[in-house]
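First the structure, in the form of structure tokens, and then the observations on it.
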Amino acid sequence: PASRLGRARAVRSLGSSATPTQALQAANDYEIYFNYISRIDADDEDDQEQDNALSKSSFLPRAVLDGIQRNPYAAWEWGMVERVAGNYDRAAGIHQLASNAFEEIGDKPRAVICRLDRGLNLAAGLNEDSGRKGVSGDVTKVKE
């Protein structure tokens with residue numbers, strides 16, 4: 001698990017200069033890392049049944065969710081990498097999960113930071129093609 005996290009963090013340290021391909025690889029490394037550190041056994045039949053029920057309510061497997069609870073700091077990093085990759089909705093979801101995990105451990109400042117990042121992700125994902133009115137459209141109207 002440490003090698004996956006290390007490689008993902010190396011790409012994350014590049015910030016916005018990372019290529020989308022690098023960011024996607026790092027995002028995949030984070031997901032594998034969270035799966036590795038989970039306390040949930042993926043081969044257990046009871047866990048697989050619960051995964052099927054949870055997959056309808058969450059975009060991530062239960063083992064990854066458990067991994068996020070164990071290391072919310074890396075979850076925040078994962079959300080940042082997803083943002084660089086252009087996966088704004090996924091980044092927003094991951095930042096929400098990280099915020100919840102920070103709340104559970106009592107780290108309220110980082111929970112707030114995650115919520116702010118979630119808002120930035122949602123705002124960055126807005127565009128006129130999506131059918132939702134974006135911020136840039138409002139700015140253009142103000143200029144005219």
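Letters A, B, ... mark the chains of the structure tokens in the order given; residue numbers begin at 1 per chain; ligand numbers begin at 1, in order shown.
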
Residues within 10 Å of stretch 24-36 of chain A, please, as an mmCIF file with N, CA, C and O atoms, in the first residue's frame. Count only C-alpha atoms; anything in the same chain fewer than 6 positions from it doesn't count.
```
data_model
loop_
_atom_site.group_PDB
_atom_site.id
_atom_site.type_symbol
_atom_site.label_atom_id
_atom_site.label_comp_id
_atom_site.auth_asym_id
_atom_site.auth_seq_id
_atom_site.Cartn_x
_atom_site.Cartn_y
_atom_site.Cartn_z
ATOM 1 N N PRO A 1 0.807 -1.215 0.000
ATOM 2 C CA PRO A 1 0.000 0.000 0.000
ATOM 3 C C PRO A 1 0.844 1.270 0.000
ATOM 4 O O PRO A 1 0.467 2.257 -0.607
ATOM 5 N N ALA A 2 1.976 1.223 0.668
ATOM 6 C CA ALA A 2 2.804 2.426 0.773
ATOM 7 C C ALA A 2 3.342 2.859 -0.584
ATOM 8 O O ALA A 2 3.464 4.062 -0.847
ATOM 9 N N SER A 3 3.648 1.911 -1.446
ATOM 10 C CA SER A 3 4.186 2.287 -2.764
ATOM 11 C C SER A 3 3.110 2.971 -3.611
ATOM 12 O O SER A 3 3.399 3.927 -4.331
ATOM 13 N N ARG A 4 1.867 2.496 -3.519
ATOM 14 C CA ARG A 4 0.767 3.141 -4.255
ATOM 15 C C ARG A 4 0.549 4.562 -3.753
ATOM 16 O O ARG A 4 0.395 5.498 -4.525
ATOM 17 N N LEU A 5 0.523 4.708 -2.427
ATOM 18 C CA LEU A 5 0.320 6.025 -1.846
ATOM 19 C C LEU A 5 1.490 6.950 -2.182
ATOM 20 O O LEU A 5 1.292 8.131 -2.495
ATOM 21 N N GLY A 6 2.691 6.424 -2.155
ATOM 22 C CA GLY A 6 3.867 7.233 -2.477
ATOM 23 C C GLY A 6 3.850 7.742 -3.902
ATOM 24 O O GLY A 6 4.129 8.922 -4.162
ATOM 25 N N ARG A 7 3.512 6.868 -4.840
ATOM 26 C CA ARG A 7 3.455 7.291 -6.244
ATOM 27 C C ARG A 7 2.339 8.312 -6.447
ATOM 28 O O ARG A 7 2.510 9.308 -7.140
ATOM 29 N N ALA A 8 1.188 8.076 -5.821
ATOM 30 C CA ALA A 8 0.071 9.010 -5.953
ATOM 31 C C ALA A 8 0.430 10.378 -5.366
ATOM 32 O O ALA A 8 0.124 11.420 -5.952
ATOM 33 N N ARG A 9 1.112 10.367 -4.238
ATOM 34 C CA ARG A 9 1.501 11.634 -3.613
ATOM 35 C C ARG A 9 2.560 12.367 -4.437
ATOM 36 O O ARG A 9 2.598 13.594 -4.449
ATOM 37 N N ALA A 10 3.405 11.626 -5.117
ATOM 38 C CA ALA A 10 4.403 12.265 -5.983
ATOM 39 C C ALA A 10 3.711 13.019 -7.117
ATOM 40 O O ALA A 10 4.069 14.154 -7.427
ATOM 41 N N VAL A 11 2.698 12.408 -7.701
ATOM 42 C CA VAL A 11 1.947 13.076 -8.768
ATOM 43 C C VAL A 11 1.151 14.236 -8.185
ATOM 44 O O VAL A 11 1.090 15.315 -8.775
ATOM 45 N N ARG A 12 0.570 14.051 -7.023
ATOM 46 C CA ARG A 12 -0.191 15.121 -6.397
ATOM 47 C C ARG A 12 0.678 16.338 -6.111
ATOM 48 O O ARG A 12 0.246 17.468 -6.214
ATOM 49 N N ALA A 18 0.559 18.517 -13.416
ATOM 50 C CA ALA A 18 0.436 17.088 -13.745
ATOM 51 C C ALA A 18 -0.476 16.939 -14.957
ATOM 52 O O ALA A 18 -1.454 17.666 -15.110
ATOM 53 N N ALA A 42 -12.618 -8.436 1.108
ATOM 54 C CA ALA A 42 -13.360 -8.412 -0.157
ATOM 55 C C ALA A 42 -13.825 -9.804 -0.581
ATOM 56 O O ALA A 42 -14.740 -9.932 -1.391
ATOM 57 N N LEU A 60 -18.576 4.357 -4.545
ATOM 58 C CA LEU A 60 -17.359 3.626 -4.212
ATOM 59 C C LEU A 60 -17.695 2.340 -3.460
ATOM 60 O O LEU A 60 -18.673 2.290 -2.724
ATOM 61 N N PRO A 61 -16.863 1.300 -3.623
ATOM 62 C CA PRO A 61 -17.076 0.068 -2.852
ATOM 63 C C PRO A 61 -16.909 0.312 -1.354
ATOM 64 O O PRO A 61 -16.224 1.245 -0.931
ATOM 65 N N ARG A 62 -17.506 -0.556 -0.571
ATOM 66 C CA ARG A 62 -17.485 -0.408 0.878
ATOM 67 C C ARG A 62 -16.067 -0.480 1.441
ATOM 68 O O ARG A 62 -15.736 0.219 2.400
ATOM 69 N N ALA A 63 -15.204 -1.285 0.837
ATOM 70 C CA ALA A 63 -13.818 -1.391 1.308
ATOM 71 C C ALA A 63 -13.098 -0.053 1.141
ATOM 72 O O ALA A 63 -12.333 0.362 2.019
ATOM 73 N N VAL A 64 -13.343 0.647 0.051
ATOM 74 C CA VAL A 64 -12.717 1.951 -0.171
ATOM 75 C C VAL A 64 -13.257 2.966 0.835
ATOM 76 O O VAL A 64 -12.508 3.779 1.386
ATOM 77 N N LEU A 65 -14.564 2.904 1.096
ATOM 78 C CA LEU A 65 -15.155 3.807 2.093
ATOM 79 C C LEU A 65 -14.520 3.590 3.467
ATOM 80 O O LEU A 65 -14.251 4.544 4.187
ATOM 81 N N ASP A 66 -14.281 2.335 3.815
ATOM 82 C CA ASP A 66 -13.633 2.036 5.085
ATOM 83 C C ASP A 66 -12.202 2.569 5.098
ATOM 84 O O ASP A 66 -11.741 3.108 6.105
ATOM 85 N N GLY A 67 -11.507 2.444 3.980
ATOM 86 C CA GLY A 67 -10.155 2.976 3.879
ATOM 87 C C GLY A 67 -10.124 4.492 4.051
ATOM 88 O O GLY A 67 -9.216 5.037 4.683
ATOM 89 N N ILE A 68 -11.118 5.183 3.511
ATOM 90 C CA ILE A 68 -11.208 6.634 3.657
ATOM 91 C C ILE A 68 -11.374 6.997 5.122
ATOM 92 O O ILE A 68 -10.786 7.968 5.611
ATOM 93 N N GLN A 69 -12.166 6.227 5.853
ATOM 94 C CA GLN A 69 -12.359 6.470 7.290
ATOM 95 C C GLN A 69 -11.037 6.317 8.039
ATOM 96 O O GLN A 69 -10.811 6.991 9.034
ATOM 97 N N ARG A 70 -10.184 5.440 7.571
ATOM 98 C CA ARG A 70 -8.910 5.192 8.253
ATOM 99 C C ARG A 70 -7.861 6.243 7.942
ATOM 100 O O ARG A 70 -6.944 6.450 8.732
ATOM 101 N N ASN A 71 -7.959 6.909 6.771
ATOM 102 C CA ASN A 71 -6.962 7.923 6.402
ATOM 103 C C ASN A 71 -7.637 9.051 5.615
ATOM 104 O O ASN A 71 -7.510 9.127 4.392
ATOM 105 N N ALA A 74 -5.356 11.324 3.206
ATOM 106 C CA ALA A 74 -5.102 10.821 1.854
ATOM 107 C C ALA A 74 -6.366 10.936 0.997
ATOM 108 O O ALA A 74 -6.265 11.132 -0.216
ATOM 109 N N ALA A 75 -7.527 10.847 1.606
ATOM 110 C CA ALA A 75 -8.775 11.007 0.846
ATOM 111 C C ALA A 75 -8.882 12.427 0.303
ATOM 112 O O ALA A 75 -9.298 12.631 -0.842
ATOM 113 N N GLU A 77 -6.378 14.330 -0.456
ATOM 114 C CA GLU A 77 -5.415 14.363 -1.562
ATOM 115 C C GLU A 77 -6.005 13.724 -2.808
ATOM 116 O O GLU A 77 -5.819 14.225 -3.924
ATOM 117 N N TRP A 78 -6.709 12.623 -2.634
ATOM 118 C CA TRP A 78 -7.330 11.925 -3.761
ATOM 119 C C TRP A 78 -8.324 12.847 -4.465
ATOM 120 O O TRP A 78 -8.360 12.921 -5.686
ATOM 121 N N GLY A 79 -9.107 13.562 -3.700
ATOM 122 C CA GLY A 79 -10.043 14.500 -4.286
ATOM 123 C C GLY A 79 -9.337 15.581 -5.094
ATOM 124 O O GLY A 79 -9.806 15.992 -6.165
ATOM 125 N N MET A 80 -8.199 16.044 -4.603
ATOM 126 C CA MET A 80 -7.442 17.062 -5.334
ATOM 127 C C MET A 80 -6.910 16.518 -6.655
ATOM 128 O O MET A 80 -6.908 17.207 -7.674
ATOM 129 N N VAL A 81 -6.466 15.260 -6.653
ATOM 130 C CA VAL A 81 -5.976 14.643 -7.887
ATOM 131 C C VAL A 81 -7.120 14.456 -8.878
ATOM 132 O O VAL A 81 -6.952 14.669 -10.083
ATOM 133 N N GLU A 82 -8.293 14.067 -8.379
ATOM 134 C CA GLU A 82 -9.458 13.927 -9.263
ATOM 135 C C GLU A 82 -9.805 15.277 -9.898
ATOM 136 O O GLU A 82 -10.210 15.336 -11.056
ATOM 137 N N ARG A 83 -9.635 16.356 -9.158
ATOM 138 C CA ARG A 83 -9.896 17.689 -9.711
ATOM 139 C C ARG A 83 -8.929 17.992 -10.854
ATOM 140 O O ARG A 83 -9.329 18.490 -11.906
ATOM 141 N N VAL A 84 -7.652 17.674 -10.660
ATOM 142 C CA VAL A 84 -6.655 17.897 -11.711
ATOM 143 C C VAL A 84 -6.996 17.063 -12.950
ATOM 144 O O VAL A 84 -6.823 17.517 -14.078
ATOM 145 N N ALA A 85 -7.537 15.869 -12.727
ATOM 146 C CA ALA A 85 -7.916 14.997 -13.842
ATOM 147 C C ALA A 85 -9.184 15.478 -14.541
ATOM 148 O O ALA A 85 -9.524 14.981 -15.612
ATOM 149 N N GLY A 86 -9.880 16.435 -13.943
ATOM 150 C CA GLY A 86 -11.100 16.961 -14.552
ATOM 151 C C GLY A 86 -12.358 16.220 -14.146
ATOM 152 O O GLY A 86 -13.427 16.468 -14.687
ATOM 153 N N ASN A 87 -12.251 15.313 -13.186
ATOM 154 C CA ASN A 87 -13.407 14.558 -12.683
ATOM 155 C C ASN A 87 -14.012 15.318 -11.507
ATOM 156 O O ASN A 87 -13.886 14.913 -10.350
ATOM 157 N N ALA A 91 -14.537 14.193 -7.639
ATOM 158 C CA ALA A 91 -13.733 14.904 -6.653
ATOM 159 C C ALA A 91 -14.614 15.478 -5.546
ATOM 160 O O ALA A 91 -14.266 15.409 -4.367
#
```

Which residues come within 6 Å of A:His95, counting only C-alpha atoms, excluding same-chain residues fewer than 5 positions away, as a PDB file with N, CA, C and O atoms, in the first residue's frame?
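File result_21.pdb, as written:
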```pdb
ATOM      1  N   TRP A  76      -8.502  13.409   1.108  1.00  0.00           N
ATOM      2  CA  TRP A  76      -8.511  14.791   0.626  1.00  0.00           C
ATOM      3  C   TRP A  76      -7.566  14.938  -0.565  1.00  0.00           C
ATOM      4  O   TRP A  76      -7.899  15.561  -1.570  1.00  0.00           O
ATOM      5  N   GLY A  79      -9.107  13.562  -3.700  1.00  0.00           N
ATOM      6  CA  GLY A  79     -10.043  14.500  -4.286  1.00  0.00           C
ATOM      7  C   GLY A  79      -9.337  15.581  -5.094  1.00  0.00           C
ATOM      8  O   GLY A  79      -9.806  15.992  -6.165  1.00  0.00           O
ATOM      9  N   CYS A 114     -12.435  20.597   3.503  1.00  0.00           N
ATOM     10  CA  CYS A 114     -12.947  19.618   2.536  1.00  0.00           C
ATOM     11  C   CYS A 114     -14.278  20.078   1.944  1.00  0.00           C
ATOM     12  O   CYS A 114     -14.531  19.886   0.755  1.00  0.00           O
ATOM     13  N   ARG A 118     -15.054  20.804  -1.884  1.00  0.00           N
ATOM     14  CA  ARG A 118     -16.211  20.212  -2.559  1.00  0.00           C
ATOM     15  C   ARG A 118     -16.969  21.281  -3.351  1.00  0.00           C
ATOM     16  O   ARG A 118     -17.350  21.069  -4.501  1.00  0.00           O
TER      17      ARG A 118
END
```

Atom pair atom CA of A:Asp89 + atom CA of A:Asp41, distance 28.0 Å

Tell me, in Å to one decimal, how far atom CA of A:Gln22 is from atom CA of A:Ser99.
25.0 Å

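Of note, atom CA of A:Ala111 and atom CA of A:Ile94 are spaced 12.1 Å apart.
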